[in-house]
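Asks: Take a look at input-v1.pdb, PDB, C-alpha atoms:
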MODEL        1
ATOM      1  CA  LYS A   1     -19.314  -4.240 -11.149
ATOM      2  CA  ASP A   2     -16.120  -2.516 -12.214
ATOM      3  CA  PHE A   3     -13.443  -2.988  -9.543
ATOM      4  CA  HIS A   4     -10.543  -1.486 -11.513
ATOM      5  CA  SER A   5     -10.007   1.523  -9.221
ATOM      6  CA  LEU A   6     -10.700  -0.244  -5.909
ATOM      7  CA  LYS A   7      -7.717  -0.174  -3.509
ATOM      8  CA  THR A   8      -8.991  -1.908  -0.361
ATOM      9  CA  LEU A   9     -11.546  -4.671  -0.094
ATOM     10  CA  GLY A  10     -12.735  -6.359   3.100
ATOM     11  CA  LEU A  11     -14.676  -9.579   2.667
ATOM     12  CA  ASN A  12     -14.139 -10.980   6.151
ATOM     13  CA  SER A  13     -16.528 -13.428   7.834
ATOM     14  CA  ASN A  14     -18.400 -14.607   4.777
ATOM     15  CA  LYS A  15     -18.824 -18.123   3.473
ATOM     16  CA  PHE A  16     -16.590 -17.944   0.414
ATOM     17  CA  LYS A  17     -15.374 -21.393  -0.579
ATOM     18  CA  SER A  18     -13.327 -20.087  -3.485
ATOM     19  CA  PHE A  19     -11.438 -16.891  -4.154
ATOM     20  CA  PRO A  20     -13.718 -14.447  -6.037
ATOM     21  CA  LYS A  21     -12.223 -14.511  -9.537
ATOM     22  CA  SER A  22     -13.605 -11.046 -10.299
ATOM     23  CA  LEU A  23     -11.015  -9.670  -7.851
ATOM     24  CA  LEU A  24      -8.255 -10.688 -10.251
ATOM     25  CA  GLN A  25      -9.478  -7.888 -12.534
ATOM     26  CA  ALA A  26      -9.163  -5.301  -9.746
ATOM     27  CA  THR A  27      -5.610  -4.373 -10.658
ATOM     28  CA  ALA A  28      -5.474  -1.351  -8.328
ATOM     29  CA  LEU A  29      -6.103  -3.462  -5.212
ATOM     30  CA  GLU A  30      -3.520  -2.900  -2.491
ATOM     31  CA  GLN A  31      -5.237  -4.814   0.316
ATOM     32  CA  ILE A  32      -7.559  -7.834   0.334
ATOM     33  CA  GLU A  33      -9.052  -9.111   3.568
ATOM     34  CA  LEU A  34     -10.644 -12.553   3.367
ATOM     35  CA  ALA A  35     -10.306 -13.586   6.998
ATOM     36  CA  ASN A  36     -12.732 -16.089   8.473
ATOM     37  CA  ASN A  37     -13.940 -17.635   5.223
ATOM     38  CA  ARG A  38     -13.864 -21.205   3.910
ATOM     39  CA  LEU A  39     -11.410 -20.897   1.058
ATOM     40  CA  LYS A  40      -9.895 -24.120  -0.248
ATOM     41  CA  THR A  41      -7.148 -22.566  -2.378
ATOM     42  CA  ILE A  42      -5.779 -19.174  -3.333
ATOM     43  CA  PRO A  43      -5.233 -18.599  -7.064
ATOM     44  CA  GLU A  44      -2.222 -17.065  -8.767
ATOM     45  CA  LEU A  45      -2.326 -13.346  -7.894
ATOM     46  CA  SER A  46       0.374 -12.066 -10.241
ATOM     47  CA  LYS A  47      -2.110  -9.791 -12.052
ATOM     48  CA  LEU A  48      -2.533  -7.826  -8.818
ATOM     49  CA  LYS A  49       0.795  -6.038  -9.121
ATOM     50  CA  LYS A  50      -0.088  -3.364  -6.529
ATOM     51  CA  LEU A  51      -1.242  -5.820  -3.868
ATOM     52  CA  LYS A  52       0.594  -5.087  -0.606
ATOM     53  CA  GLN A  53      -1.492  -6.890   2.018
ATOM     54  CA  LEU A  54      -3.267 -10.219   1.817
ATOM     55  CA  ILE A  55      -5.175 -11.185   4.953
ATOM     56  CA  LEU A  56      -6.317 -14.822   5.016
ATOM     57  CA  THR A  57      -6.517 -15.516   8.755
ATOM     58  CA  GLN A  58      -8.856 -18.451   9.455
ATOM     59  CA  SER A  59      -9.650 -18.839   5.767
ATOM     60  CA  THR A  60      -7.575 -21.324   3.854
ATOM     61  CA  GLU A  61      -7.874 -25.041   4.301
ATOM     62  CA  GLN A  62      -4.692 -26.670   3.010
ATOM     63  CA  HIS A  63      -3.343 -25.250  -0.242
ATOM     64  CA  PHE A  64      -1.273 -22.102  -0.527
ATOM     65  CA  GLN A  65      -0.314 -20.904  -4.015
ATOM     66  CA  PRO A  66       3.391 -21.688  -4.504
ATOM     67  CA  ALA A  67       4.019 -18.578  -6.596
ATOM     68  CA  ILE A  68       2.362 -16.127  -4.212
ATOM     69  CA  HIS A  69       5.701 -15.108  -2.729
ATOM     70  CA  LYS A  70       6.819 -13.962  -6.195
ATOM     71  CA  ASN A  71       4.434 -11.013  -6.047
ATOM     72  CA  ALA A  72       7.062  -8.326  -5.473
ATOM     73  CA  SER A  73       4.673  -5.734  -4.049
ATOM     74  CA  LEU A  74       3.381  -7.944  -1.217
ATOM     75  CA  THR A  75       4.648  -6.725   2.141
ATOM     76  CA  THR A  76       2.182  -8.545   4.417
ATOM     77  CA  ILE A  77       0.600 -11.980   4.187
ATOM     78  CA  SER A  78      -1.435 -13.076   7.186
ATOM     79  CA  ILE A  79      -2.214 -16.794   7.165
ATOM     80  CA  SER A  80      -2.453 -17.539  10.866
ATOM     81  CA  ASP A  81      -4.943 -20.053  12.249
ATOM     82  CA  ASN A  82      -5.257 -22.105   9.058
ATOM     83  CA  LYS A  83      -4.715 -25.737   8.124
ATOM     84  CA  ILE A  84      -1.910 -25.077   5.673
ATOM     85  CA  GLU A  85       0.391 -28.073   5.593
ATOM     86  CA  GLU A  86       3.443 -26.428   4.022
ATOM     87  CA  LEU A  87       4.646 -23.115   2.674
ATOM     88  CA  PRO A  88       6.140 -22.620  -0.784
ATOM     89  CA  GLU A  89       9.915 -22.552  -1.018
TER      90      GLU A  89
ENDMDL
END
Can I see the file as structure tokens?
Replies:
Amino acid sequence: KDFHSLKTLGLNSNKFKSFPKSLLQATALEQIELANNRLKTIPELSKLKKLKQLILTQSTEQHFQPAIHKNASLTTISISDNKIEELPE
């Protein structure tokens, strides 16, 4: 499926254990909702230059991508109710 023009994607309450790599090709995405999943890590999202909101509530076990805060377009990151041990500097 071609996701290139997709702007918002809600994948809440699934059983994803890894971030769907096909989303990294969806360069028009502005919002990704992956709340209530079983993600272990979040990959580098620098290709998603238009991404404004990343919702990961109750999704990520322990690892948070150190470079995620370098995505200049991100205005909202929701990571509440996770087991993240530390945030990137």
Asks: Neighbours of A:Ser18 within 9 Å (all atoms listed in the file; same-chain residues fewer than 4 positions away dropped), as a ChimeraX atom specification?
Replies: /A:38-43
Asks: Counting all atoms listed in the file, which of A:Ile55, A:Ala35, A:Leu74, A:Leu24 gets nearest to A:Leu6?
Replies: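 Result for the nearest residue to A:Leu6: A:Leu24.
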Asks: Counting all atoms listed in the file, which residues of stretch 41-64 of chain A sit at most 10 Å from some atom of stretch 11-14 of chain A, and what is each one's closest atom pair with its distance in Å to one decimal, listed by chain and rising residue number, as CSV?
Replies:
residue,atom,partner,partner_atom,distance
A:Ile55,CA,A:Asn12,CA,9.0
A:Leu56,CA,A:Asn12,CA,8.8
A:Thr57,CA,A:Asn12,CA,9.2
A:Gln58,CA,A:Ser13,CA,9.3
A:Ser59,CA,A:Ser13,CA,9.0
Asks: For the structure provided, state which residues fall under the PyMOL selection byres ((chain A and resi 32) around 7), and present them as a PyMOL selection string.
Replies: chain A and resi 8-10+30-31+33-34+53-55
Asks: Between atom CA of A:Ala72 and atom CA of A:Ser46, what distance in Å does the model show, to one decimal?
Replies: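 Separation of atom CA of A:Ala72 and atom CA of A:Ser46: 9.0 Å.
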Asks: As a check of understanding, name the residues that the PyMOL selection byres ((chain A and resi 48) around 8) selects in the supplied structure, as number ranges by chain.
Replies: A: 24-29, 45-47, 49-51
Asks: Rounded to one decimal in Å, what is the spacing between atom CA of A:Lys17 and atom CA of A:Ser78?
Replies: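 The value is 18.0 Å.
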Asks: What is the atom CA of A:Thr60-atom CA of A:Lys83 distance in Å, reported with one decimal?
Replies: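 Distance between the two atoms: 6.8 Å.
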Asks: Work out where the centre of an axis-aligned box around every listed atom of stretch 13-24 of chain A lies and how long its edges are once 4 Å is added on each side; give both in Å to one decimal as lines of an AutoDock Vina configuration file.
Replies:
center_x = -13.5
center_y = -15.5
center_z = -1.2
size_x = 18.6
size_y = 19.7
size_z = 26.1
Asks: Pick out the closest residue to A:Asp81 from this set: A:Lys15, A:Leu23, A:Asn37, A:Ser5. Count only C-alpha atoms.
Replies: A:Asn37
Asks: Go through A:Lys52, A:Ile77, A:Ile84, A:Phe16 one by one, measure the shortest atom-to-atom distance of each to A:Asn36 using all atoms listed in the file, and give the residue with the smallest value.
Replies: A:Phe16
Asks: Take stretch 26-46 of chain A, model N, CA, C and O atoms, and hand the result over as an mmCIF file, keeping the file's coordinate frame.
Replies:
data_model
loop_
_atom_site.group_PDB
_atom_site.id
_atom_site.type_symbol
_atom_site.label_atom_id
_atom_site.label_comp_id
_atom_site.auth_asym_id
_atom_site.auth_seq_id
_atom_site.Cartn_x
_atom_site.Cartn_y
_atom_site.Cartn_z
ATOM 1 N N ALA A 26 -9.292 -6.538 -10.529
ATOM 2 C CA ALA A 26 -9.163 -5.301 -9.746
ATOM 3 C C ALA A 26 -7.678 -4.984 -9.574
ATOM 4 O O ALA A 26 -7.113 -5.136 -8.498
ATOM 5 N N THR A 27 -7.065 -4.534 -10.630
ATOM 6 C CA THR A 27 -5.610 -4.373 -10.658
ATOM 7 C C THR A 27 -5.074 -3.269 -9.762
ATOM 8 O O THR A 27 -3.874 -3.207 -9.519
ATOM 9 N N ALA A 28 -5.926 -2.408 -9.234
ATOM 10 C CA ALA A 28 -5.474 -1.351 -8.328
ATOM 11 C C ALA A 28 -5.495 -1.792 -6.870
ATOM 12 O O ALA A 28 -5.037 -1.058 -5.990
ATOM 13 N N LEU A 29 -6.000 -3.003 -6.599
ATOM 14 C CA LEU A 29 -6.103 -3.462 -5.212
ATOM 15 C C LEU A 29 -4.752 -3.488 -4.514
ATOM 16 O O LEU A 29 -3.787 -4.028 -5.037
ATOM 17 N N GLU A 30 -4.717 -2.902 -3.332
ATOM 18 C CA GLU A 30 -3.520 -2.900 -2.491
ATOM 19 C C GLU A 30 -3.713 -3.794 -1.265
ATOM 20 O O GLU A 30 -2.750 -4.254 -0.689
ATOM 21 N N GLN A 31 -4.963 -4.006 -0.866
ATOM 22 C CA GLN A 31 -5.237 -4.814 0.316
ATOM 23 C C GLN A 31 -6.505 -5.631 0.092
ATOM 24 O O GLN A 31 -7.532 -5.113 -0.317
ATOM 25 N N ILE A 32 -6.405 -6.937 0.375
ATOM 26 C CA ILE A 32 -7.559 -7.834 0.334
ATOM 27 C C ILE A 32 -7.642 -8.523 1.687
ATOM 28 O O ILE A 32 -6.672 -9.115 2.148
ATOM 29 N N GLU A 33 -8.803 -8.429 2.298
ATOM 30 C CA GLU A 33 -9.052 -9.111 3.568
ATOM 31 C C GLU A 33 -10.119 -10.174 3.342
ATOM 32 O O GLU A 33 -11.254 -9.858 2.997
ATOM 33 N N LEU A 34 -9.725 -11.426 3.519
ATOM 34 C CA LEU A 34 -10.644 -12.553 3.367
ATOM 35 C C LEU A 34 -10.598 -13.441 4.600
ATOM 36 O O LEU A 34 -10.754 -14.659 4.522
ATOM 37 N N ALA A 35 -10.386 -12.827 5.744
ATOM 38 C CA ALA A 35 -10.306 -13.586 6.998
ATOM 39 C C ALA A 35 -11.645 -14.235 7.321
ATOM 40 O O ALA A 35 -12.709 -13.720 6.974
ATOM 41 N N ASN A 36 -11.559 -15.372 7.992
ATOM 42 C CA ASN A 36 -12.732 -16.089 8.473
ATOM 43 C C ASN A 36 -13.693 -16.454 7.346
ATOM 44 O O ASN A 36 -14.878 -16.155 7.386
ATOM 45 N N ASN A 37 -13.149 -17.080 6.311
ATOM 46 C CA ASN A 37 -13.940 -17.635 5.223
ATOM 47 C C ASN A 37 -13.632 -19.121 5.130
ATOM 48 O O ASN A 37 -12.989 -19.678 6.015
ATOM 49 N N ARG A 38 -14.061 -19.758 4.078
ATOM 50 C CA ARG A 38 -13.864 -21.205 3.910
ATOM 51 C C ARG A 38 -13.113 -21.527 2.626
ATOM 52 O O ARG A 38 -13.436 -22.486 1.929
ATOM 53 N N LEU A 39 -12.140 -20.722 2.305
ATOM 54 C CA LEU A 39 -11.410 -20.897 1.058
ATOM 55 C C LEU A 39 -10.630 -22.205 1.047
ATOM 56 O O LEU A 39 -10.006 -22.570 2.032
ATOM 57 N N LYS A 40 -10.650 -22.874 -0.091
ATOM 58 C CA LYS A 40 -9.895 -24.120 -0.248
ATOM 59 C C LYS A 40 -8.506 -23.832 -0.818
ATOM 60 O O LYS A 40 -7.530 -24.436 -0.421
ATOM 61 N N THR A 41 -8.427 -22.926 -1.763
ATOM 62 C CA THR A 41 -7.148 -22.566 -2.378
ATOM 63 C C THR A 41 -7.145 -21.072 -2.697
ATOM 64 O O THR A 41 -8.189 -20.441 -2.767
ATOM 65 N N ILE A 42 -5.963 -20.558 -2.906
ATOM 66 C CA ILE A 42 -5.779 -19.174 -3.333
ATOM 67 C C ILE A 42 -5.173 -19.223 -4.734
ATOM 68 O O ILE A 42 -4.164 -19.891 -4.943
ATOM 69 N N PRO A 43 -5.757 -18.536 -5.694
ATOM 70 C CA PRO A 43 -5.233 -18.599 -7.064
ATOM 71 C C PRO A 43 -3.950 -17.790 -7.230
ATOM 72 O O PRO A 43 -3.530 -17.062 -6.329
ATOM 73 N N GLU A 44 -3.372 -17.884 -8.386
ATOM 74 C CA GLU A 44 -2.222 -17.065 -8.767
ATOM 75 C C GLU A 44 -2.677 -15.603 -8.746
ATOM 76 O O GLU A 44 -3.692 -15.251 -9.339
ATOM 77 N N LEU A 45 -1.939 -14.756 -8.045
ATOM 78 C CA LEU A 45 -2.326 -13.346 -7.894
ATOM 79 C C LEU A 45 -1.373 -12.401 -8.620
ATOM 80 O O LEU A 45 -1.323 -11.214 -8.319
ATOM 81 N N SER A 46 -0.642 -12.889 -9.579
ATOM 82 C CA SER A 46 0.374 -12.066 -10.241
ATOM 83 C C SER A 46 -0.206 -10.872 -10.991
ATOM 84 O O SER A 46 0.489 -9.885 -11.210
#
